[in-house]
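Step one of this worksheet: look at the structure below.
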Amino acid sequence: MNPASLRSLCHFTSHLISRYRALDPDNPSLLSLIYANGLLLRAAQTAPLPLQLAVIGPTQVGKSSLVNLLLGSDRAGVSPLAGHTRHAQGFASTPLDNRQRSQINDLLPGLSPAEPEQLFPDKVGYYSLIQVPRDSTADALPPMLVWDSPDFDSVSSRHYRTTVPALCALTDLVVMLVSKEKYADQSVWELLRLIAPAGLPLVLVINKVPAGAADELMQIVAAKFAAEGLPPTPLFCLPYLHNPTEELAASAAARQLLAGLRPQLQRTAPHPRQLAELLQRHWSSWTAPLQQELAAARTWRDKVATELHSAEQQFERDYLKNPDYRESLDKAILQLLQLLELPGLAAPLARARELVTWPVRQAVSLFQRARNADAETSSMEAKLLSEALRQARQRLLHQATVQAGQNKGRQQLWWQHLWLLLQQRESELQQQGLQLIDQHQRHFQPEIDSAANRLLGHLQEHPRTLNTLRATRASADAAAVAFALKSGGIGLSDLILTPAMLAFSTLLTEGAVGQFMEGIGADLNQAQRRSVQEQVFAPLQQQLLALPADLPQDLLFGLQAEELQRAEQARARLG
């Protein structure tokens, strides 16, 4: 199998397991996911391990007694109480070095090694692995590692039953032990339906069978395998005994079982095709919660794009296409005024402007400082743009509320957390919007300077108009000084509306120059539209799309669509 694909799938399934354990530990998909992850981990191993056998089964069927039979000694604890064994317990009749122990630990993720005396019923998530001497079974079975497992059907097993599929994936042979009373239990066949399709060796043993009932029971169980569509498996029966510890090893049925297990015990590995089919069978149920979160994220991207597009259209309608607002062109005209300074006159007028307006400027200095923080937003462009962004944020907040009400499960939870995050980040998003507007206006200033220079260049081709404008420039400059005494020199729109400036603008709109200026205005409008898109809407869209990354990751599955896609591609290469 492709090592890179195995590593990718192991990483993906391990992440899913950790999220299921944290968010939905009772989800039935977790058992199949742990089994598949164990098979993937095992397939990725390169160093060989000793032969391993796992005894699994429901509660009170005699698993620990069977383990002792296989070991030839009483090593596994036997108890009449249901659910006595709650941990995986390994007994190795062959030496294990540190590398092999570490390798086994890697194949049991989520479990930690402990000494047998440290395995307490109320503390799950541990396993033991001890060395045992080879006894009377030495001639019947090869040296191996035998695992005693917890049950998977008791009420308390919900806290530890995930150990069972992990052991099934680890071992070379699985012995499913049932009793006459429990062979038909739904939990038994649910587990068989999970592990059998992987193609690993499986033996079913019926324990506590009354005399004369063995043949009938094996026929019933064989028919059940066929009805379930499962491959046939070797079947054995063990008799009902009053004292299993003393009598089981001596029984003919036990000798028959040991002889039947020996040819089954051989080093095996998951077949690529069967492993791929197992992944395909369960993939949609494993990834369903993640798919819901990714669907919510896709909807969020669509909503962000829609609402920002609406905000952009609103700004274009209210400002860019509104004939009452031509701030950029007016700024270009003011810039043109600076370029039309008359030699000998400009400097005295500038000094006069400075001297005459000084008392007024001092009077309004406090007012000016108070406005400095949001000076850029004083323009009509900034006001309308800021309002369009505010409304877009409010619509997105409303969309989060609607989506949380319309969806269920993981999607609903995703949208609820996003709504809360939008509420918390409102002030921050508003400030970011103002900063982007300021950035746009500074970025756009060279376009205004360029427009003024283009106007001047065109005027230089019309000397008569240029001279007239220069004369008007002097009166406009003087009028501006007089207006400054009245208003403190504040406000572009007020300055543009002074009679001198209106006269200056009127001259620019006449004749061929006026036609050229219309072209300049149209070019400025287009450049302004591009600048707003690039400097305001595009960065803001990225900021909004990045918000889900700040959702509480401890409450989400937290994988990106790209990670899911890579895992699906690795799964496709597996078979």
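Lettering and numbering for the structure tokens are positional, with chains as A, B, ... in the shown order, residues counted from 1 in each chain, and ligands counted from 1 in the shown order.
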
Close residues, segment 54-61 of chain A itself excluded, 8 Å, only C-alpha atoms, min 4 positions apart in chain, as an mmCIF file with N, CA and C atoms, in the first residue's frame:
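Okay, out-v4.cif is ready:
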data_model
loop_
_atom_site.group_PDB
_atom_site.id
_atom_site.type_symbol
_atom_site.label_atom_id
_atom_site.label_comp_id
_atom_site.auth_asym_id
_atom_site.auth_seq_id
_atom_site.Cartn_x
_atom_site.Cartn_y
_atom_site.Cartn_z
ATOM 1 N N LEU A 66 -11.211 -18.650 28.859
ATOM 2 C CA LEU A 66 -10.643 -19.082 27.590
ATOM 3 C C LEU A 66 -9.211 -18.589 27.442
ATOM 4 N N VAL A 67 -8.940 -17.364 27.880
ATOM 5 C CA VAL A 67 -7.572 -16.843 27.829
ATOM 6 C C VAL A 67 -6.649 -17.737 28.654
ATOM 7 N N PRO A 80 -17.260 -14.023 38.840
ATOM 8 C CA PRO A 80 -18.681 -14.238 38.511
ATOM 9 C C PRO A 80 -19.432 -12.944 38.259
ATOM 10 N N LEU A 81 -18.778 -11.805 38.508
ATOM 11 C CA LEU A 81 -19.447 -10.514 38.336
ATOM 12 C C LEU A 81 -19.363 -10.064 36.883
ATOM 13 N N ALA A 82 -20.465 -9.554 36.374
ATOM 14 C CA ALA A 82 -20.478 -9.055 34.994
ATOM 15 C C ALA A 82 -19.594 -7.816 34.881
ATOM 16 N N GLY A 83 -18.885 -7.708 33.751
ATOM 17 C CA GLY A 83 -18.059 -6.526 33.507
ATOM 18 C C GLY A 83 -16.822 -6.479 34.384
ATOM 19 N N VAL A 146 -1.437 -13.130 23.814
ATOM 20 C CA VAL A 146 -2.883 -13.321 23.951
ATOM 21 C C VAL A 146 -3.471 -12.130 24.701
ATOM 22 N N TRP A 147 -4.558 -11.577 24.156
ATOM 23 C CA TRP A 147 -5.223 -10.419 24.762
ATOM 24 C C TRP A 147 -6.566 -10.827 25.345
ATOM 25 N N ASP A 148 -6.762 -10.492 26.605
ATOM 26 C CA ASP A 148 -8.082 -10.577 27.233
ATOM 27 C C ASP A 148 -8.727 -9.196 27.110
ATOM 28 N N SER A 149 -9.981 -9.150 26.703
ATOM 29 C CA SER A 149 -10.619 -7.860 26.385
ATOM 30 C C SER A 149 -11.819 -7.607 27.276
ATOM 31 N N PRO A 150 -12.197 -6.351 27.432
ATOM 32 C CA PRO A 150 -13.435 -6.035 28.154
ATOM 33 C C PRO A 150 -14.655 -6.409 27.315
ATOM 34 N N ASP A 151 -15.813 -6.476 27.953
ATOM 35 C CA ASP A 151 -17.038 -6.750 27.205
ATOM 36 C C ASP A 151 -17.454 -5.524 26.399
ATOM 37 N N PHE A 152 -18.436 -5.698 25.543
ATOM 38 C CA PHE A 152 -18.914 -4.581 24.716
ATOM 39 C C PHE A 152 -20.427 -4.415 24.774
ATOM 40 N N ASP A 153 -21.083 -5.150 25.735
ATOM 41 C CA ASP A 153 -22.546 -5.113 25.746
ATOM 42 C C ASP A 153 -23.155 -4.692 27.080
ATOM 43 N N SER A 154 -22.361 -4.550 28.119
ATOM 44 C CA SER A 154 -22.931 -4.167 29.408
ATOM 45 C C SER A 154 -23.237 -2.673 29.432
ATOM 46 N N VAL A 164 -12.203 -2.692 22.329
ATOM 47 C CA VAL A 164 -12.405 -3.946 21.604
ATOM 48 C C VAL A 164 -12.058 -3.817 20.116
ATOM 49 N N LEU A 167 -8.287 -3.638 19.625
ATOM 50 C CA LEU A 167 -7.613 -4.937 19.752
ATOM 51 C C LEU A 167 -7.845 -5.804 18.517
ATOM 52 N N CYS A 168 -9.069 -5.768 17.980
ATOM 53 C CA CYS A 168 -9.367 -6.557 16.781
ATOM 54 C C CYS A 168 -8.474 -6.158 15.606
ATOM 55 N N THR A 171 -4.577 -7.524 16.206
ATOM 56 C CA THR A 171 -4.190 -8.921 16.307
ATOM 57 C C THR A 171 -4.280 -9.671 14.979
ATOM 58 N N LEU A 173 -5.403 -12.920 14.877
ATOM 59 C CA LEU A 173 -6.563 -13.793 14.940
ATOM 60 C C LEU A 173 -7.512 -13.290 16.028
ATOM 61 N N VAL A 174 -8.781 -13.152 15.674
ATOM 62 C CA VAL A 174 -9.815 -12.751 16.624
ATOM 63 C C VAL A 174 -10.673 -13.955 16.949
ATOM 64 N N VAL A 175 -10.808 -14.237 18.242
ATOM 65 C CA VAL A 175 -11.682 -15.305 18.707
ATOM 66 C C VAL A 175 -12.894 -14.653 19.370
ATOM 67 N N MET A 176 -14.028 -14.732 18.701
ATOM 68 C CA MET A 176 -15.274 -14.223 19.264
ATOM 69 C C MET A 176 -15.897 -15.324 20.110
ATOM 70 N N LEU A 177 -15.998 -15.077 21.406
ATOM 71 C CA LEU A 177 -16.565 -16.046 22.331
ATOM 72 C C LEU A 177 -17.975 -15.605 22.728
ATOM 73 N N VAL A 178 -18.945 -16.505 22.525
ATOM 74 C CA VAL A 178 -20.322 -16.234 22.931
ATOM 75 C C VAL A 178 -20.804 -17.424 23.768
ATOM 76 N N SER A 179 -21.973 -17.303 24.293
ATOM 77 C CA SER A 179 -22.568 -18.410 25.051
ATOM 78 C C SER A 179 -23.870 -18.820 24.385
ATOM 79 N N LYS A 182 -26.208 -15.982 24.542
ATOM 80 C CA LYS A 182 -25.885 -14.667 23.975
ATOM 81 C C LYS A 182 -25.414 -14.702 22.522
ATOM 82 N N SER A 187 -25.670 -6.954 19.824
ATOM 83 C CA SER A 187 -24.336 -6.360 19.966
ATOM 84 C C SER A 187 -23.261 -7.268 19.377
ATOM 85 N N VAL A 188 -23.454 -8.595 19.475
ATOM 86 C CA VAL A 188 -22.489 -9.553 18.914
ATOM 87 C C VAL A 188 -22.425 -9.410 17.398
ATOM 88 N N ASN A 207 -19.586 -21.048 23.974
ATOM 89 C CA ASN A 207 -19.237 -21.608 25.273
ATOM 90 C C ASN A 207 -20.513 -22.031 26.031
ATOM 91 N N LYS A 208 -20.306 -22.892 27.012
ATOM 92 C CA LYS A 208 -21.384 -23.333 27.906
ATOM 93 C C LYS A 208 -22.519 -24.021 27.137
#

For this session: Determine which residues of segment 11-156 of chain A receive a DSSP assignment of alpha helix (DSSP H), computed from the backbone, and state them as a PyMOL selection string.
Result: chain A and resi 11-23+29-44+63-71+98-106

For this session: Apply DSSP to the backbone of this structure and, from segment 12-66 of chain A, keep only the residues in strand (DSSP E or B); write these as a list of chain:residue names.
Result: A:Gln52, A:Leu53, A:Ala54, A:Val55, A:Ile56

Could you take the residues named above and write them with N, CA and C atoms, as a compact mmCIF listing (two decimals), in the first residue's frame?
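Listed below is the output, selection-v2.txt:
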# COMPACT_ATOMS: atom_id res chain seq x y z
N GLN A 52 -0.34 -12.46 17.45
CA GLN A 52 -1.24 -11.95 18.48
C GLN A 52 -2.64 -12.52 18.27
N LEU A 53 -3.29 -12.83 19.39
CA LEU A 53 -4.65 -13.36 19.38
C LEU A 53 -5.46 -12.57 20.40
N ALA A 54 -6.66 -12.18 20.03
CA ALA A 54 -7.54 -11.45 20.95
C ALA A 54 -8.81 -12.25 21.18
N VAL A 55 -9.18 -12.41 22.44
CA VAL A 55 -10.45 -13.04 22.81
C VAL A 55 -11.44 -11.94 23.13
N ILE A 56 -12.53 -11.88 22.36
CA ILE A 56 -13.55 -10.85 22.56
C ILE A 56 -14.89 -11.51 22.77

For this session: For Ser531 of chain A, work out the shell of residues within 9 Å, counting only C-alpha atoms and skipping chain neighbours fewer than 5 positions away, then give it as a list of chain:residue names.
Result: A:His440, A:Gln441, A:His443, A:Phe444, A:Gln526, A:Val536

Exercise. Within 7 Å of segment 307-320 of chain A, counting only C-alpha atoms, which residues qualify if same-chain residues fewer than 5 places away don't, as JSON, numbers by chain?
Worked result: {"A": [325, 381, 384, 385, 388, 389, 392, 525, 537]}

Exercise. Leaving out segment 112-119 of chain A and any residue of its chain fewer than 3 positions from it, which residues lie within 10 Å of it when counting only C-alpha atoms, given as a ChimeraX atom specification?
Worked result: /A:85-90,101-102,104-106,108-109,122-130

With N, CA and C atoms retained, could you export that selection as a PDB file, in the first residue's frame?
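Saved result, part16.pdb, follows:
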ATOM      1  N   THR A  85     -13.735  -7.542  33.723  1.00  0.00           N
ATOM      2  CA  THR A  85     -12.582  -7.080  32.941  1.00  0.00           C
ATOM      3  C   THR A  85     -12.956  -5.813  32.195  1.00  0.00           C
ATOM      4  N   ARG A  86     -12.283  -4.717  32.517  1.00  0.00           N
ATOM      5  CA  ARG A  86     -12.590  -3.437  31.877  1.00  0.00           C
ATOM      6  C   ARG A  86     -11.400  -2.861  31.123  1.00  0.00           C
ATOM      7  N   HIS A  87     -10.310  -3.592  31.070  1.00  0.00           N
ATOM      8  CA  HIS A  87      -9.110  -3.129  30.378  1.00  0.00           C
ATOM      9  C   HIS A  87      -8.594  -4.237  29.469  1.00  0.00           C
ATOM     10  N   ALA A  88      -7.876  -3.855  28.447  1.00  0.00           N
ATOM     11  CA  ALA A  88      -7.163  -4.844  27.636  1.00  0.00           C
ATOM     12  C   ALA A  88      -5.968  -5.340  28.431  1.00  0.00           C
ATOM     13  N   GLN A  89      -5.827  -6.673  28.511  1.00  0.00           N
ATOM     14  CA  GLN A  89      -4.723  -7.274  29.250  1.00  0.00           C
ATOM     15  C   GLN A  89      -3.997  -8.248  28.336  1.00  0.00           C
ATOM     16  N   GLY A  90      -2.729  -7.941  28.071  1.00  0.00           N
ATOM     17  CA  GLY A  90      -1.937  -8.767  27.177  1.00  0.00           C
ATOM     18  C   GLY A  90      -1.008  -9.689  27.948  1.00  0.00           C
ATOM     19  N   ARG A 101       7.359  -3.330  22.334  1.00  0.00           N
ATOM     20  CA  ARG A 101       6.392  -2.750  23.270  1.00  0.00           C
ATOM     21  C   ARG A 101       5.973  -1.350  22.828  1.00  0.00           C
ATOM     22  N   SER A 102       6.951  -0.572  22.373  1.00  0.00           N
ATOM     23  CA  SER A 102       6.630   0.775  21.879  1.00  0.00           C
ATOM     24  C   SER A 102       5.754   0.700  20.637  1.00  0.00           C
ATOM     25  N   ILE A 104       3.608  -1.715  19.863  1.00  0.00           N
ATOM     26  CA  ILE A 104       2.251  -2.089  20.294  1.00  0.00           C
ATOM     27  C   ILE A 104       1.540  -0.886  20.898  1.00  0.00           C
ATOM     28  N   ASN A 105       2.263  -0.093  21.651  1.00  0.00           N
ATOM     29  CA  ASN A 105       1.657   1.112  22.240  1.00  0.00           C
ATOM     30  C   ASN A 105       1.187   2.074  21.154  1.00  0.00           C
ATOM     31  N   ASP A 106       1.977   2.187  20.082  1.00  0.00           N
ATOM     32  CA  ASP A 106       1.580   3.064  18.963  1.00  0.00           C
ATOM     33  C   ASP A 106       0.329   2.539  18.267  1.00  0.00           C
ATOM     34  N   LEU A 108      -2.148   1.157  19.739  1.00  0.00           N
ATOM     35  CA  LEU A 108      -3.300   1.297  20.639  1.00  0.00           C
ATOM     36  C   LEU A 108      -3.448   2.758  21.065  1.00  0.00           C
ATOM     37  N   PRO A 109      -3.674   3.660  20.122  1.00  0.00           N
ATOM     38  CA  PRO A 109      -3.794   5.083  20.487  1.00  0.00           C
ATOM     39  C   PRO A 109      -4.974   5.304  21.414  1.00  0.00           C
ATOM     40  N   ASP A 122     -12.545   1.894  37.913  1.00  0.00           N
ATOM     41  CA  ASP A 122     -13.080   3.238  37.666  1.00  0.00           C
ATOM     42  C   ASP A 122     -12.135   4.114  36.844  1.00  0.00           C
ATOM     43  N   LYS A 123     -11.007   3.548  36.386  1.00  0.00           N
ATOM     44  CA  LYS A 123     -10.061   4.309  35.564  1.00  0.00           C
ATOM     45  C   LYS A 123      -9.826   3.552  34.268  1.00  0.00           C
ATOM     46  N   VAL A 124     -10.495   4.008  33.220  1.00  0.00           N
ATOM     47  CA  VAL A 124     -10.358   3.358  31.919  1.00  0.00           C
ATOM     48  C   VAL A 124      -9.289   4.081  31.108  1.00  0.00           C
ATOM     49  N   GLY A 125      -8.980   3.539  29.935  1.00  0.00           N
ATOM     50  CA  GLY A 125      -7.967   4.161  29.086  1.00  0.00           C
ATOM     51  C   GLY A 125      -6.574   3.609  29.325  1.00  0.00           C
ATOM     52  N   TYR A 126      -6.468   2.431  29.974  1.00  0.00           N
ATOM     53  CA  TYR A 126      -5.176   1.807  30.246  1.00  0.00           C
ATOM     54  C   TYR A 126      -5.196   0.352  29.756  1.00  0.00           C
ATOM     55  N   TYR A 127      -4.023  -0.195  29.573  1.00  0.00           N
ATOM     56  CA  TYR A 127      -3.882  -1.618  29.254  1.00  0.00           C
ATOM     57  C   TYR A 127      -2.624  -2.135  29.928  1.00  0.00           C
ATOM     58  N   SER A 128      -2.565  -3.441  30.133  1.00  0.00           N
ATOM     59  CA  SER A 128      -1.366  -4.057  30.703  1.00  0.00           C
ATOM     60  C   SER A 128      -0.782  -5.036  29.696  1.00  0.00           C
ATOM     61  N   LEU A 129       0.519  -5.249  29.798  1.00  0.00           N
ATOM     62  CA  LEU A 129       1.220  -6.172  28.902  1.00  0.00           C
ATOM     63  C   LEU A 129       2.348  -6.815  29.691  1.00  0.00           C
ATOM     64  N   ILE A 130       2.192  -8.120  29.995  1.00  0.00           N
ATOM     65  CA  ILE A 130       3.180  -8.788  30.836  1.00  0.00           C
ATOM     66  C   ILE A 130       3.713 -10.041  30.147  1.00  0.00           C
TER      67      ILE A 130
END

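Going from atom CA of Ala452 of chain A to atom CA of Ala538 of chain A covers 28.0 Å.
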
Exercise. How many Å separate atom CA of Leu397 of chain A from atom CA of Asn322 of chain A?
Worked result: 28.8 Å

Exercise. Got a sec: who's within 7 Å of segment 2-15 of chain A, counting only C-alpha atoms, leaving out chain neighbours fewer than 2 positions off, as number ranges by chain?
Worked result: A: 17-19, 33, 37, 40-41, 44, 567, 570, 573-574

Keeping only N, CA and C atoms, write those residues as a tab-separated table (two decimals), in the first residue's frame.
chain	number	residue	atom	x	y	z
A	17	ILE	N	-11.02	10.73	15.45
A	17	ILE	CA	-11.24	9.99	16.71
A	17	ILE	C	-11.14	10.92	17.91
A	18	SER	N	-10.11	11.77	17.91
A	18	SER	CA	-9.93	12.68	19.05
A	18	SER	C	-11.11	13.65	19.18
A	19	ARG	N	-11.66	14.10	18.04
A	19	ARG	CA	-12.79	15.03	18.10
A	19	ARG	C	-14.07	14.30	18.53
A	33	LEU	N	-14.69	3.69	13.30
A	33	LEU	CA	-13.58	4.60	13.02
A	33	LEU	C	-12.31	4.13	13.73
A	37	ASN	N	-8.96	2.93	11.88
A	37	ASN	CA	-7.70	3.59	12.22
A	37	ASN	C	-6.66	2.57	12.66
A	40	LEU	N	-5.31	0.81	9.62
A	40	LEU	CA	-4.40	1.69	8.88
A	40	LEU	C	-3.05	1.78	9.58
A	41	LEU	N	-3.08	1.94	10.90
A	41	LEU	CA	-1.82	1.99	11.66
A	41	LEU	C	-1.03	0.69	11.50
A	44	ALA	N	0.57	0.39	8.15
A	44	ALA	CA	1.72	1.30	7.99
A	44	ALA	C	2.96	0.80	8.71
A	567	ALA	N	-7.51	13.65	2.34
A	567	ALA	CA	-7.83	12.32	2.88
A	567	ALA	C	-8.63	11.50	1.89
A	570	ALA	N	-6.30	10.26	-0.75
A	570	ALA	CA	-5.49	9.15	-0.23
A	570	ALA	C	-6.32	7.87	-0.17
A	573	ARG	N	-6.51	6.29	-3.56
A	573	ARG	CA	-5.27	5.63	-3.97
A	573	ARG	C	-5.03	4.33	-3.21
A	574	LEU	N	-5.76	4.11	-2.13
A	574	LEU	CA	-5.50	2.96	-1.27
A	574	LEU	C	-5.82	1.64	-1.97

Exercise. How many Å separate atom CA of Ile448 of chain A from atom CA of Gly519 of chain A?
Worked result: 13.5 Å

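Nearest residue to Ala22 of chain A among A:Gln439, A:Gln553, A:Gln291, A:Gln445 is A:Gln553, counting only C-alpha atoms.
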
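Using only C-alpha atoms, the smallest distance between any of A:Ile34, A:Val402, A:Leu51, A:Ala549 and Arg21 of chain A comes from A:Ile34.
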